[in-house]
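Some notes on the structure that comes next.
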Amino acid sequence: MAEQFATPPTRPLESYLELIERILKEVLRAGRFELSFTIVRGTPGEDEPETPELVVDFAGPDADLLLEKNGALLNALEYVVLRAARLEEELFGRITFDSNDWRSLRAEELKLTARIAAERVIETGDPFALQPMSARERRIVHLALRDLPAVRTASEGAGADRKVVIHSASPPRRRR
Amino acid sequence: MKELIEAIAKALVDNPDQVQVRPVEGEQVTVLELRVHPSDLGKVIGKQGRTARSIRTILGAAGMKLKKRFTLEILE
């Protein structure tokens with residue numbers, strides 16, 4: 001029944017590409033960023049069914065700058081440029097900005113962090129809050145722990161402070 | 001940097017001809033005052049301020065390359 005809630009996008013993703021490219025070039029030029037980019041098709045990984053269809057892949061002397069502070073500049077450029085291109089919400093996950101495979105490396109790091117934190121929750125029984133993350137990163141964490149029945153995950157907090165909290169699935173049931 | 005904020009703001013808003021950026025140079029920091037058409041305020045601020053925060057991140061990174069600090073002020 002999910003169909004009745006999901007609004008299909010009215011335009012194909014490809015139809016936004018020219019505009020995305022134009023805005024991005026202009027922002028890179030005005031900010032004097034030494035970056036070039038190519039738009040490539042995403043290659044689905046084994047356990048990543050949600051690989052974006054299109055990847056804006058950056059290279060150049062400022063590529064390191066893009067990835068500092070957990071990809072802050074990369075994410076900021078992605079958000080601003082896709083907003084400016086008036087990309088429909090439904091299409092936001094289907095195109096992503098990346099450089100040097102950073103997104104998949106980051107995903108591996110998040111999964112590892114999630115598992116280590118989950119082990120700790122199982123040991124201690126205490127909830128454990130991870131660092132604040134974007135919706136996309138929180139999703140990676142939720143999925144990484146989905147098959148672990150001993151814990152449950154929840155997103156808590158608002159806006160930029162929203163984070164995944166891992167709880168023990170078998171809390172003391174006194175209050176229920 | 002004025003040019004950077006103008007480029008981003010003009011791409012985001014519906015009334016690009018109403019975008020004005022005024023740099024106010026301080027000793028340590030240059031403040032960039034951004035003015036847009038009132039109906040476009042939401043476009044530069046975004047849900048929970050996410051667009052404004054992203055613009056500030058881009059501005060900060062571009063400023064770092066010049067070894068200067070810039071802050072963005074969105075005027076209402």
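Convention: chains lettered A, B, ... in structure tokens order; per-chain residue numbering from 1; ligands numbered from 1 as shown.
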Write out as a list in words all residues of chain B that DSSP puts in strand (DSSP E) for this structure's backbone.
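Going through chain B, the strand (DSSP E) residues come out as Gln20, Val21, Arg22, Pro23, Val24, Glu25, Val29, Thr30, Val31, Leu32, Glu33, Leu34, Arg35, Arg69, Phe70, Thr71, Leu72, Glu73, Ile74 and Leu75 of chain B.
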Selection file, C-alpha atoms, as an mmCIF file, in the first residue's frame:
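The file below, result-v8.cif, is the result:
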data_model
loop_
_atom_site.group_PDB
_atom_site.id
_atom_site.type_symbol
_atom_site.label_atom_id
_atom_site.label_comp_id
_atom_site.auth_asym_id
_atom_site.auth_seq_id
_atom_site.Cartn_x
_atom_site.Cartn_y
_atom_site.Cartn_z
ATOM 1 C CA GLN B 20 22.214 42.024 -3.009
ATOM 2 C CA VAL B 21 25.415 41.197 -1.189
ATOM 3 C CA ARG B 22 27.281 43.824 0.794
ATOM 4 C CA PRO B 23 30.678 43.018 2.293
ATOM 5 C CA VAL B 24 31.406 44.686 5.649
ATOM 6 C CA GLU B 25 35.113 44.357 6.303
ATOM 7 C CA VAL B 29 36.239 38.816 9.776
ATOM 8 C CA THR B 30 34.424 40.040 6.727
ATOM 9 C CA VAL B 31 30.675 39.935 7.129
ATOM 10 C CA LEU B 32 28.714 39.386 3.938
ATOM 11 C CA GLU B 33 25.240 40.796 4.257
ATOM 12 C CA LEU B 34 22.796 39.057 1.979
ATOM 13 C CA ARG B 35 19.506 40.618 1.036
ATOM 14 C CA ARG B 69 37.326 34.474 7.686
ATOM 15 C CA PHE B 70 33.931 35.303 6.304
ATOM 16 C CA THR B 71 30.525 35.101 7.869
ATOM 17 C CA LEU B 72 27.173 35.274 6.193
ATOM 18 C CA GLU B 73 24.365 37.354 7.546
ATOM 19 C CA ILE B 74 20.971 37.003 5.965
ATOM 20 C CA LEU B 75 19.042 40.240 6.404
#
Next item on the list: Please identify all polymer residues within 9 Å of A:Leu91, counting only C-alpha atoms, omitting same-chain residues fewer than 3 positions from it, and present them as a ChimeraX atom specification.
Entry: /A:9,12-13,87-88,94-95
- Rank nothing, just name the residue among B:Leu12, B:Glu3, B:Leu66, B:Asp17 nearest to B:Val44, using only C-alpha atoms.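 With only C-alpha atoms as the atom set, the closest residue is B:Leu12.
Every protein or nucleic acid residue with an atom no more than 12 Å from B:Lys65, counting only C-alpha atoms and leaving out same-chain residues fewer than 3 positions away, appears here: Gly31, Arg32, Phe33, Glu34, Pro61, Asp62 and Leu65 of chain A; Met1, Ile58, Leu59, Gly60, Ala61, Ala62, Lys68, Arg69 and Phe70 of chain B.
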(Q) Which residue is closest to A:Phe37? Choose from A:Glu53, A:Ala59, A:Thr10, A:Pro127 and count only C-alpha atoms. (A)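 So, comparing all the options, the nearest one is A:Ala59.
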Review point. Near chain A, which residues of chain B fall within 12 Å when you count only C-alpha atoms, and what do they look like as a count of residues only?
Key: 40
Exercise for the section: Between atom CA of A:Ala107 and atom CA of A:Ser15, measure the distance and give it in Å to one decimal. Expected result: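 Taking atom CA of A:Ala107 as the start and atom CA of A:Ser15 as the end point, the length is 28.5 Å.
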Which of chain B end up as alpha helix (DSSP H) when DSSP is run on this backbone - answer as number ranges by chain? B: 2-12, 41-45, 50-65
Dump as a compact mmCIF listing (two decimals), in the first residue's frame, selection limited to N, CA and C atoms:
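What ended up in again.txt:
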# COMPACT_ATOMS: atom_id res chain seq x y z
N LYS B 2 32.10 37.91 -2.25
CA LYS B 2 30.82 38.51 -2.57
C LYS B 2 30.22 37.81 -3.79
N GLU B 3 31.10 37.54 -4.75
CA GLU B 3 30.67 36.90 -5.98
C GLU B 3 30.14 35.48 -5.72
N LEU B 4 30.78 34.80 -4.80
CA LEU B 4 30.36 33.43 -4.46
C LEU B 4 28.94 33.43 -3.88
N ILE B 5 28.73 34.32 -2.90
CA ILE B 5 27.40 34.38 -2.28
C ILE B 5 26.35 34.82 -3.29
N GLU B 6 26.72 35.76 -4.15
CA GLU B 6 25.77 36.19 -5.19
C GLU B 6 25.42 35.03 -6.11
N ALA B 7 26.43 34.28 -6.51
CA ALA B 7 26.20 33.16 -7.43
C ALA B 7 25.26 32.14 -6.80
N ILE B 8 25.52 31.78 -5.53
CA ILE B 8 24.69 30.78 -4.87
C ILE B 8 23.27 31.31 -4.66
N ALA B 9 23.17 32.54 -4.13
CA ALA B 9 21.85 33.10 -3.82
C ALA B 9 21.02 33.24 -5.09
N LYS B 10 21.64 33.73 -6.17
CA LYS B 10 20.89 33.91 -7.41
C LYS B 10 20.39 32.59 -7.97
N ALA B 11 21.16 31.53 -7.75
CA ALA B 11 20.72 30.22 -8.24
C ALA B 11 19.56 29.69 -7.40
N LEU B 12 19.51 30.06 -6.12
CA LEU B 12 18.49 29.52 -5.23
C LEU B 12 17.14 30.23 -5.32
N LEU B 41 13.19 34.47 1.08
CA LEU B 41 13.95 34.22 2.31
C LEU B 41 14.04 32.72 2.64
N GLY B 42 12.91 32.05 2.50
CA GLY B 42 12.88 30.62 2.80
C GLY B 42 13.82 29.83 1.90
N LYS B 43 13.98 30.30 0.68
CA LYS B 43 14.85 29.60 -0.29
C LYS B 43 16.31 29.66 0.13
N VAL B 44 16.74 30.77 0.75
CA VAL B 44 18.16 30.85 1.16
C VAL B 44 18.38 30.33 2.58
N ILE B 45 17.31 30.20 3.34
CA ILE B 45 17.45 29.68 4.70
C ILE B 45 17.22 28.17 4.73
N ARG B 50 18.88 24.57 6.93
CA ARG B 50 19.89 23.71 6.30
C ARG B 50 20.57 24.38 5.10
N THR B 51 19.80 25.12 4.32
CA THR B 51 20.41 25.77 3.15
C THR B 51 21.40 26.83 3.62
N ALA B 52 21.00 27.66 4.58
CA ALA B 52 21.90 28.69 5.09
C ALA B 52 23.17 28.06 5.67
N ARG B 53 22.99 26.98 6.38
CA ARG B 53 24.15 26.30 6.97
C ARG B 53 25.09 25.79 5.88
N SER B 54 24.52 25.25 4.82
CA SER B 54 25.34 24.75 3.71
C SER B 54 26.08 25.90 3.03
N ILE B 55 25.39 27.03 2.83
CA ILE B 55 26.05 28.18 2.20
C ILE B 55 27.23 28.62 3.08
N ARG B 56 27.03 28.62 4.39
CA ARG B 56 28.11 29.04 5.31
C ARG B 56 29.30 28.08 5.24
N THR B 57 29.00 26.81 5.10
CA THR B 57 30.09 25.82 4.97
C THR B 57 30.90 26.09 3.70
N ILE B 58 30.21 26.36 2.59
CA ILE B 58 30.90 26.63 1.33
C ILE B 58 31.72 27.91 1.46
N LEU B 59 31.12 28.92 2.08
CA LEU B 59 31.82 30.20 2.28
C LEU B 59 33.06 30.01 3.15
N GLY B 60 32.91 29.23 4.22
CA GLY B 60 34.04 28.99 5.11
C GLY B 60 35.20 28.30 4.40
N ALA B 61 34.85 27.32 3.56
CA ALA B 61 35.90 26.58 2.84
C ALA B 61 36.60 27.47 1.82
N ALA B 62 35.81 28.27 1.11
CA ALA B 62 36.41 29.18 0.12
C ALA B 62 37.29 30.21 0.81
N GLY B 63 36.86 30.66 2.00
CA GLY B 63 37.64 31.64 2.76
C GLY B 63 38.94 31.03 3.27
N MET B 64 38.87 29.76 3.64
CA MET B 64 40.05 29.09 4.16
C MET B 64 41.17 29.09 3.12
N LYS B 65 40.80 28.94 1.87
CA LYS B 65 41.79 28.96 0.80
C LYS B 65 42.49 30.32 0.72
Checklist entry - Suppose you want the space between atom CA of A:Lys163 and atom CA of A:Phe97; what is it in Å? => result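 These atoms are spaced 22.1 Å apart.
Minimum atom-to-atom distance to A:Glu119, evaluated using only C-alpha atoms, belongs to A:Ser168 out of A:Ser99, A:Ser168, A:Thr38, A:Thr153.
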